[in-house]
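Visitor: My structure is below; once you've seen it, I'll send some questions.
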Amino acid sequence: MTSTGPSAPRLTGVGVAVPPLSYSQAELLATFGITDPKVRGVFGNSGIDRRHLSLPPPGPDGRPAQESQGDLLRKHVTVGIDIGGSALDASLADAGARRADVRYLCCVSSTGFISPGFSALLIKELGLATDCARLDVVGMGCNAGLNGLAAVTGWAAAHPGELAVLLCVEVCSAAYVFDGTMRSAVVNSLFGDGAAALTVVAGQDRAGR
């Protein structure tokens, strides 16, 4: 947001959401039976206390059941819609807005590939206006949020008074890889599942705020 005038796009609401279950690093090491001292050291030195994850129920051996690619994709969609919708609603509540006020929705995710994307799925799931403009930013990694924010503020600047939403959704527990390498161990030790949403308006909104 480079403009600073009275009609410049401005942040009006913030919302976050995570799955209900969280795990300590020690719990995860035990759950997955990880004994490699190097990998355990990566988890233990991550500086992270707990992470919210969507793990499958335990199998016969007591460890999380093996998930197929289809299982992981379904998890990405179902958990993503759940936490994404909750984060979006929280941001609207913070902004004093309603679902019907959303005129542009940009969804960002780098932990799964689905078509149609989260923007279309959430518009249907939440009952947003069917003519709501939308954009999906997929697979851009850690800079995706900034690129999504650029799109949201650009749209808001071109549509004064209209509410735009940026929604970032990551379901990392649907994208884990266990291959015994240190590279995957670092990734597996750091990330969790979560969503964050921002509402943006340029000038006064329809309520005159």
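Each chain in the structure tokens gets a letter, A, B and so on, in the order shown; residues start at 1 in every chain, and ligands are counted from 1 in the order they appear.
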Out of segment 88-200 of chain A, which residues get helix (DSSP H, G or I) from DSSP, as JSON, numbers by chain?
Guide: {"A": [88, 89, 90, 91, 92, 93, 94, 95, 99, 100, 101, 118, 119, 120, 121, 122, 123, 124, 125, 126, 141, 142, 143, 144, 145, 146, 147, 148, 149, 150, 151, 152, 153, 154, 155, 156, 157, 158, 172, 173, 174, 182, 183, 184, 185, 186, 187, 188, 189, 190]}
Visitor: Excluding Gly203 of chain A and its own-chain neighbours fewer than 6 positions away, which residues fall within 6 Å of it when counting only C-alpha atoms? Please give them as a list in words.
Guide: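 Neighbouring residues, sequence-local ones excluded: Ser7, Pro160 and Gly161 of chain A.
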Visitor: Hey, can you check how far atom CA of Val152 of chain A sits from atom CA of Phe118 of chain A?
Guide: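 About the pair atom CA of Val152 of chain A and atom CA of Phe118 of chain A: they are 15.6 Å apart.
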Visitor: So that I can check the surroundings of Ala174 of chain A, please list as a PDB file with N, CA and C atoms, in the first residue's frame every protein, DNA and RNA residue that reaches within 8 Å of it, counting only C-alpha atoms and ignoring chain neighbours fewer than 3 positions away.
Guide:
```pdb
ATOM      1  N   SER A  54      -3.571 -31.634  11.539  1.00  0.00           N
ATOM      2  CA  SER A  54      -4.733 -32.490  11.281  1.00  0.00           C
ATOM      3  C   SER A  54      -4.209 -33.884  10.948  1.00  0.00           C
ATOM      4  N   LEU A  72      -4.871 -37.232   1.279  1.00  0.00           N
ATOM      5  CA  LEU A  72      -4.212 -35.952   1.568  1.00  0.00           C
ATOM      6  C   LEU A  72      -4.908 -34.801   0.846  1.00  0.00           C
ATOM      7  N   LEU A  73      -5.340 -35.041  -0.392  1.00  0.00           N
ATOM      8  CA  LEU A  73      -6.032 -33.999  -1.137  1.00  0.00           C
ATOM      9  C   LEU A  73      -7.363 -33.663  -0.483  1.00  0.00           C
ATOM     10  N   LYS A  75      -8.056 -34.016   2.645  1.00  0.00           N
ATOM     11  CA  LYS A  75      -7.735 -33.286   3.870  1.00  0.00           C
ATOM     12  C   LYS A  75      -7.451 -31.824   3.562  1.00  0.00           C
ATOM     13  N   HIS A  76      -6.671 -31.585   2.506  1.00  0.00           N
ATOM     14  CA  HIS A  76      -6.361 -30.213   2.110  1.00  0.00           C
ATOM     15  C   HIS A  76      -7.646 -29.418   1.881  1.00  0.00           C
ATOM     16  N   THR A 111       0.190 -25.417  -0.159  1.00  0.00           N
ATOM     17  CA  THR A 111       0.300 -26.778   0.363  1.00  0.00           C
ATOM     18  C   THR A 111      -0.598 -27.766  -0.355  1.00  0.00           C
ATOM     19  N   GLY A 112      -1.203 -27.355  -1.463  1.00  0.00           N
ATOM     20  CA  GLY A 112      -2.039 -28.268  -2.226  1.00  0.00           C
ATOM     21  C   GLY A 112      -2.505 -27.618  -3.513  1.00  0.00           C
ATOM     22  N   VAL A 171      -2.487 -26.064   4.815  1.00  0.00           N
ATOM     23  CA  VAL A 171      -2.732 -27.332   5.504  1.00  0.00           C
ATOM     24  C   VAL A 171      -1.469 -28.176   5.322  1.00  0.00           C
TER      25      VAL A 171
END
```
Visitor: For the contact check between segment 8-90 of chain A and segment 98-104 of chain A, emit one row per residue of segment 8-90 of chain A within 12 Å, containing the shortest atom pair and the distance in Å rounded to one decimal, counting only C-alpha atoms, chain then rising number order, as CSV.
Guide:
```
residue,atom,partner,partner_atom,distance
A:Gly13,CA,A:Arg98,CA,11.6
A:Gly85,CA,A:Arg99,CA,10.4
A:Ser86,CA,A:Arg99,CA,11.7
A:Leu88,CA,A:Arg99,CA,8.7
A:Asp89,CA,A:Arg99,CA,7.4
A:Ala90,CA,A:Arg98,CA,10.2
```
Visitor: Step one, run DSSP on the backbone; step two, keep only residues of segment 20-88 of chain A assigned to strand (DSSP E or B); then write them as JSON, numbers by chain.
Guide: {"A": [22, 23, 24, 50, 51, 52, 58, 64]}
Visitor: Kindly indicate which residue among A:Ser173, A:Asn143, A:Thr12, A:Ser115 lies nearest to Ala197 of chain A, using only C-alpha atoms for the distances.
Guide: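 Distance minimum relative to Ala197 of chain A lands on A:Thr12.
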Visitor: What separation in Å, quoted to one decimal, exists between atom CA of Phe191 of chain A and atom CA of Asn147 of chain A?
Guide: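 So the two atoms, atom CA of Phe191 of chain A and atom CA of Asn147 of chain A, lie 20.6 Å apart.
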Visitor: Would you kindly return, as a list of chain:residue names, each protein, DNA or RNA residue with an atom no farther than 9 Å from any atom of Arg10 of chain A, considering only C-alpha atoms and excluding same-chain residues fewer than 2 positions away?
Guide: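 After dropping sequence-adjacent residues, the list is A:Met1, A:Ser7, A:Ala8, A:Thr12, A:Thr153, A:Ala156, A:Thr199, A:Val200, A:Val201, A:Ala202, A:Gly203.
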Visitor: Kindly export the residues of the current selection with all heavy atoms, as a PDB file, in the first residue's frame.
Guide:
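File written: part.pdb
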```pdb
ATOM      1  N   MET A   1       0.855  -1.184   0.000  1.00  0.00           N
ATOM      2  CA  MET A   1       0.000   0.000   0.000  1.00  0.00           C
ATOM      3  C   MET A   1       0.894   1.238   0.000  1.00  0.00           C
ATOM      4  O   MET A   1       1.371   1.673   1.030  1.00  0.00           O
ATOM      5  CB  MET A   1      -0.899  -0.001   1.231  1.00  0.00           C
ATOM      6  CG  MET A   1      -1.816  -1.203   1.359  1.00  0.00           C
ATOM      7  SD  MET A   1      -2.871  -1.083   2.828  1.00  0.00           S
ATOM      8  CE  MET A   1      -3.604  -2.706   2.845  1.00  0.00           C
ATOM      9  N   SER A   7      -8.319   8.065   0.377  1.00  0.00           N
ATOM     10  CA  SER A   7      -8.955   6.985  -0.377  1.00  0.00           C
ATOM     11  C   SER A   7      -8.031   5.797  -0.583  1.00  0.00           C
ATOM     12  O   SER A   7      -8.351   4.879  -1.335  1.00  0.00           O
ATOM     13  CB  SER A   7      -9.420   7.512  -1.748  1.00  0.00           C
ATOM     14  OG  SER A   7      -8.305   7.964  -2.516  1.00  0.00           O
ATOM     15  N   ALA A   8      -6.875   5.799   0.071  1.00  0.00           N
ATOM     16  CA  ALA A   8      -5.935   4.693  -0.073  1.00  0.00           C
ATOM     17  C   ALA A   8      -6.515   3.420   0.542  1.00  0.00           C
ATOM     18  O   ALA A   8      -7.247   3.475   1.533  1.00  0.00           O
ATOM     19  CB  ALA A   8      -4.613   5.030   0.607  1.00  0.00           C
ATOM     20  N   THR A  12      -8.956  -3.200   7.486  1.00  0.00           N
ATOM     21  CA  THR A  12     -10.082  -2.946   8.381  1.00  0.00           C
ATOM     22  C   THR A  12     -10.390  -4.109   9.321  1.00  0.00           C
ATOM     23  O   THR A  12     -11.107  -3.928  10.302  1.00  0.00           O
ATOM     24  CB  THR A  12     -11.356  -2.621   7.577  1.00  0.00           C
ATOM     25  OG1 THR A  12     -11.670  -3.723   6.703  1.00  0.00           O
ATOM     26  CG2 THR A  12     -11.154  -1.359   6.746  1.00  0.00           C
ATOM     27  N   THR A 153      -5.142  -5.104  -2.644  1.00  0.00           N
ATOM     28  CA  THR A 153      -5.124  -3.640  -2.520  1.00  0.00           C
ATOM     29  C   THR A 153      -5.331  -2.969  -3.880  1.00  0.00           C
ATOM     30  O   THR A 153      -5.960  -1.913  -3.951  1.00  0.00           O
ATOM     31  CB  THR A 153      -3.800  -3.161  -1.901  1.00  0.00           C
ATOM     32  OG1 THR A 153      -2.692  -3.666  -2.663  1.00  0.00           O
ATOM     33  CG2 THR A 153      -3.663  -3.648  -0.469  1.00  0.00           C
ATOM     34  N   ALA A 156      -9.055  -3.160  -4.490  1.00  0.00           N
ATOM     35  CA  ALA A 156      -9.759  -2.227  -3.606  1.00  0.00           C
ATOM     36  C   ALA A 156      -9.590  -0.783  -4.072  1.00  0.00           C
ATOM     37  O   ALA A 156     -10.542   0.005  -4.030  1.00  0.00           O
ATOM     38  CB  ALA A 156      -9.247  -2.380  -2.176  1.00  0.00           C
ATOM     39  N   THR A 199      -9.279  -7.990   5.770  1.00  0.00           N
ATOM     40  CA  THR A 199     -10.256  -7.239   4.983  1.00  0.00           C
ATOM     41  C   THR A 199      -9.662  -5.880   4.638  1.00  0.00           C
ATOM     42  O   THR A 199      -9.016  -5.248   5.470  1.00  0.00           O
ATOM     43  CB  THR A 199     -11.582  -7.059   5.727  1.00  0.00           C
ATOM     44  OG1 THR A 199     -11.347  -6.325   6.938  1.00  0.00           O
ATOM     45  CG2 THR A 199     -12.198  -8.408   6.076  1.00  0.00           C
ATOM     46  N   VAL A 200      -9.897  -5.441   3.407  1.00  0.00           N
ATOM     47  CA  VAL A 200      -9.295  -4.208   2.897  1.00  0.00           C
ATOM     48  C   VAL A 200     -10.369  -3.391   2.192  1.00  0.00           C
ATOM     49  O   VAL A 200     -11.181  -3.942   1.409  1.00  0.00           O
ATOM     50  CB  VAL A 200      -8.144  -4.507   1.917  1.00  0.00           C
ATOM     51  CG1 VAL A 200      -7.585  -3.225   1.316  1.00  0.00           C
ATOM     52  CG2 VAL A 200      -7.022  -5.280   2.634  1.00  0.00           C
ATOM     53  N   VAL A 201     -10.387  -2.095   2.452  1.00  0.00           N
ATOM     54  CA  VAL A 201     -11.329  -1.168   1.796  1.00  0.00           C
ATOM     55  C   VAL A 201     -10.563   0.100   1.428  1.00  0.00           C
ATOM     56  O   VAL A 201      -9.686   0.552   2.186  1.00  0.00           O
ATOM     57  CB  VAL A 201     -12.501  -0.804   2.718  1.00  0.00           C
ATOM     58  CG1 VAL A 201     -13.392   0.261   2.059  1.00  0.00           C
ATOM     59  CG2 VAL A 201     -13.317  -2.033   3.060  1.00  0.00           C
ATOM     60  N   ALA A 202     -10.881   0.677   0.290  1.00  0.00           N
ATOM     61  CA  ALA A 202     -10.350   1.977  -0.098  1.00  0.00           C
ATOM     62  C   ALA A 202     -11.447   3.015   0.056  1.00  0.00           C
ATOM     63  O   ALA A 202     -12.577   2.807  -0.409  1.00  0.00           O
ATOM     64  CB  ALA A 202      -9.841   1.960  -1.540  1.00  0.00           C
ATOM     65  N   GLY A 203     -11.166   4.134   0.705  1.00  0.00           N
ATOM     66  CA  GLY A 203     -12.183   5.137   0.963  1.00  0.00           C
ATOM     67  C   GLY A 203     -13.186   4.630   1.976  1.00  0.00           C
ATOM     68  O   GLY A 203     -12.907   3.698   2.736  1.00  0.00           O
TER      69      GLY A 203
END
```
Visitor: Could you list, as a list in words, every residue within 7 Å of segment 18-26 of chain A, counting only C-alpha atoms and ignoring same-chain residues fewer than 5 positions away?
Guide: Phe43, Gly44, Asp49, Arg50, Arg51, His52, Leu53, Ser54, Ile83, Asp193, Gly194 and Ala195 of chain A
Visitor: Can you write just those residues out, N, CA, C and O atoms, as a PDB file, in the first residue's frame?
Guide:
```
ATOM      1  N   PHE A  43      13.929 -31.362  15.471  1.00  0.00           N
ATOM      2  CA  PHE A  43      12.640 -31.091  16.132  1.00  0.00           C
ATOM      3  C   PHE A  43      12.874 -30.407  17.482  1.00  0.00           C
ATOM      4  O   PHE A  43      12.202 -29.426  17.818  1.00  0.00           O
ATOM      5  N   GLY A  44      13.816 -30.934  18.245  1.00  0.00           N
ATOM      6  CA  GLY A  44      14.047 -30.411  19.585  1.00  0.00           C
ATOM      7  C   GLY A  44      14.611 -29.016  19.619  1.00  0.00           C
ATOM      8  O   GLY A  44      14.404 -28.268  20.590  1.00  0.00           O
ATOM      9  N   ASP A  49       6.972 -24.650  20.451  1.00  0.00           N
ATOM     10  CA  ASP A  49       6.379 -25.397  21.554  1.00  0.00           C
ATOM     11  C   ASP A  49       5.345 -26.387  21.037  1.00  0.00           C
ATOM     12  O   ASP A  49       5.484 -27.598  21.202  1.00  0.00           O
ATOM     13  N   ARG A  50       4.299 -25.862  20.405  1.00  0.00           N
ATOM     14  CA  ARG A  50       3.211 -26.724  19.911  1.00  0.00           C
ATOM     15  C   ARG A  50       2.812 -26.285  18.513  1.00  0.00           C
ATOM     16  O   ARG A  50       2.973 -25.111  18.145  1.00  0.00           O
ATOM     17  N   ARG A  51       2.269 -27.235  17.749  1.00  0.00           N
ATOM     18  CA  ARG A  51       1.773 -26.937  16.414  1.00  0.00           C
ATOM     19  C   ARG A  51       0.393 -27.558  16.229  1.00  0.00           C
ATOM     20  O   ARG A  51       0.141 -28.669  16.688  1.00  0.00           O
ATOM     21  N   HIS A  52      -0.486 -26.813  15.554  1.00  0.00           N
ATOM     22  CA  HIS A  52      -1.813 -27.327  15.227  1.00  0.00           C
ATOM     23  C   HIS A  52      -1.716 -28.123  13.937  1.00  0.00           C
ATOM     24  O   HIS A  52      -1.266 -27.613  12.905  1.00  0.00           O
ATOM     25  N   LEU A  53      -2.145 -29.389  13.994  1.00  0.00           N
ATOM     26  CA  LEU A  53      -2.057 -30.282  12.850  1.00  0.00           C
ATOM     27  C   LEU A  53      -3.329 -31.118  12.741  1.00  0.00           C
ATOM     28  O   LEU A  53      -4.049 -31.302  13.724  1.00  0.00           O
ATOM     29  N   SER A  54      -3.571 -31.634  11.539  1.00  0.00           N
ATOM     30  CA  SER A  54      -4.733 -32.490  11.281  1.00  0.00           C
ATOM     31  C   SER A  54      -4.209 -33.884  10.948  1.00  0.00           C
ATOM     32  O   SER A  54      -4.053 -34.241   9.780  1.00  0.00           O
ATOM     33  N   ILE A  83     -10.958 -24.149   8.282  1.00  0.00           N
ATOM     34  CA  ILE A  83     -10.210 -23.068   8.920  1.00  0.00           C
ATOM     35  C   ILE A  83     -10.235 -21.796   8.086  1.00  0.00           C
ATOM     36  O   ILE A  83     -10.221 -20.688   8.633  1.00  0.00           O
ATOM     37  N   ASP A 193      -0.865 -26.274  10.517  1.00  0.00           N
ATOM     38  CA  ASP A 193      -2.050 -25.908   9.740  1.00  0.00           C
ATOM     39  C   ASP A 193      -2.642 -24.616  10.289  1.00  0.00           C
ATOM     40  O   ASP A 193      -2.776 -24.462  11.509  1.00  0.00           O
ATOM     41  N   GLY A 194      -3.028 -23.720   9.409  1.00  0.00           N
ATOM     42  CA  GLY A 194      -3.634 -22.477   9.874  1.00  0.00           C
ATOM     43  C   GLY A 194      -4.116 -21.619   8.723  1.00  0.00           C
ATOM     44  O   GLY A 194      -3.766 -21.850   7.555  1.00  0.00           O
ATOM     45  N   ALA A 195      -4.934 -20.639   9.047  1.00  0.00           N
ATOM     46  CA  ALA A 195      -5.464 -19.701   8.064  1.00  0.00           C
ATOM     47  C   ALA A 195      -5.495 -18.307   8.667  1.00  0.00           C
ATOM     48  O   ALA A 195      -5.676 -18.149   9.878  1.00  0.00           O
TER      49      ALA A 195
END
```
Visitor: For each of A:His159, A:Arg74, A:Arg134, A:Arg40, take the minimum atom-to-atom distance to Gly117 of chain A, counting only C-alpha atoms, then give the residue where this is smallest.
Guide: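 Ranked by minimum distance to Gly117 of chain A, first place goes to A:Arg134.
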Visitor: Grab the atom CA of Val79 of chain A to atom CA of Glu67 of chain A distance for me, in Å with one decimal place.
Guide: 14.9 Å
Visitor: Would you kindly return, as a PyMOL selection string, each protein, DNA or RNA residue with an atom no farther than 9 Å from any atom of Val42 of chain A, considering only C-alpha atoms and excluding same-chain residues fewer than 2 positions away?
Guide: chain A and resi 37-40+44-46+182+185-186+189
Visitor: Give me the residues within 8 Å of Leu198 of chain A as a list in words, counting only C-alpha atoms and dropping any in the same chain fewer than 3 places off.
Guide: Leu11, Thr12, Gly13, Val14, Gly15, Leu88, Ser91, Val165, Leu166 and Leu167 of chain A
Visitor: Can I get the selection written as an mmCIF file, in the first residue's frame, with N, CA, C and O atoms?
Guide:
```
data_model
loop_
_atom_site.group_PDB
_atom_site.id
_atom_site.type_symbol
_atom_site.label_atom_id
_atom_site.label_comp_id
_atom_site.auth_asym_id
_atom_site.auth_seq_id
_atom_site.Cartn_x
_atom_site.Cartn_y
_atom_site.Cartn_z
ATOM 1 N N LEU A 11 -6.379 -1.512 5.862
ATOM 2 C CA LEU A 11 -6.752 -2.737 6.542
ATOM 3 C C LEU A 11 -7.864 -2.438 7.545
ATOM 4 O O LEU A 11 -7.728 -1.534 8.369
ATOM 5 N N THR A 12 -8.956 -3.200 7.486
ATOM 6 C CA THR A 12 -10.082 -2.946 8.381
ATOM 7 C C THR A 12 -10.390 -4.109 9.321
ATOM 8 O O THR A 12 -11.107 -3.928 10.302
ATOM 9 N N GLY A 13 -9.871 -5.304 9.035
ATOM 10 C CA GLY A 13 -10.155 -6.436 9.900
ATOM 11 C C GLY A 13 -9.148 -7.549 9.718
ATOM 12 O O GLY A 13 -8.567 -7.705 8.644
ATOM 13 N N VAL A 14 -8.925 -8.315 10.780
ATOM 14 C CA VAL A 14 -7.990 -9.439 10.773
ATOM 15 C C VAL A 14 -8.650 -10.631 11.456
ATOM 16 O O VAL A 14 -9.347 -10.474 12.467
ATOM 17 N N GLY A 15 -8.419 -11.822 10.914
ATOM 18 C CA GLY A 15 -8.945 -13.034 11.537
ATOM 19 C C GLY A 15 -8.021 -14.210 11.308
ATOM 20 O O GLY A 15 -7.378 -14.296 10.265
ATOM 21 N N LEU A 88 -11.980 -16.221 7.695
ATOM 22 C CA LEU A 88 -12.688 -15.180 6.937
ATOM 23 C C LEU A 88 -13.785 -14.563 7.786
ATOM 24 O O LEU A 88 -13.924 -13.328 7.848
ATOM 25 N N SER A 91 -12.349 -12.250 10.396
ATOM 26 C CA SER A 91 -11.904 -10.959 9.862
ATOM 27 C C SER A 91 -13.088 -10.051 9.584
ATOM 28 O O SER A 91 -13.017 -8.835 9.799
ATOM 29 N N VAL A 165 -11.077 -9.170 0.401
ATOM 30 C CA VAL A 165 -10.543 -10.065 1.438
ATOM 31 C C VAL A 165 -9.359 -10.853 0.886
ATOM 32 O O VAL A 165 -9.436 -11.429 -0.204
ATOM 33 N N LEU A 166 -8.289 -10.866 1.657
ATOM 34 C CA LEU A 166 -7.151 -11.745 1.404
ATOM 35 C C LEU A 166 -7.222 -12.886 2.410
ATOM 36 O O LEU A 166 -7.271 -12.653 3.617
ATOM 37 N N LEU A 167 -7.220 -14.120 1.924
ATOM 38 C CA LEU A 167 -7.289 -15.293 2.791
ATOM 39 C C LEU A 167 -6.138 -16.239 2.459
ATOM 40 O O LEU A 167 -6.038 -16.726 1.333
#
```
Visitor: Measuring between only C-alpha atoms, which one of A:Leu121, A:Val77, A:Ala65, A:Cys106 shows the shortest distance to Glu170 of chain A?
Guide: A:Val77
Visitor: Using only C-alpha atoms, can you tell me which of A:Gly33, A:Gly41, A:Gly154, A:Gly96 comes closest to Pro64 of chain A?
Guide: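 Counting only C-alpha atoms, the residue closest to Pro64 of chain A is A:Gly33.
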Visitor: From the list A:Ser68, A:Pro57, A:Leu126, A:Ile48, which residue is nearest Ile81 of chain A when using only C-alpha atoms?
Guide: A:Leu126
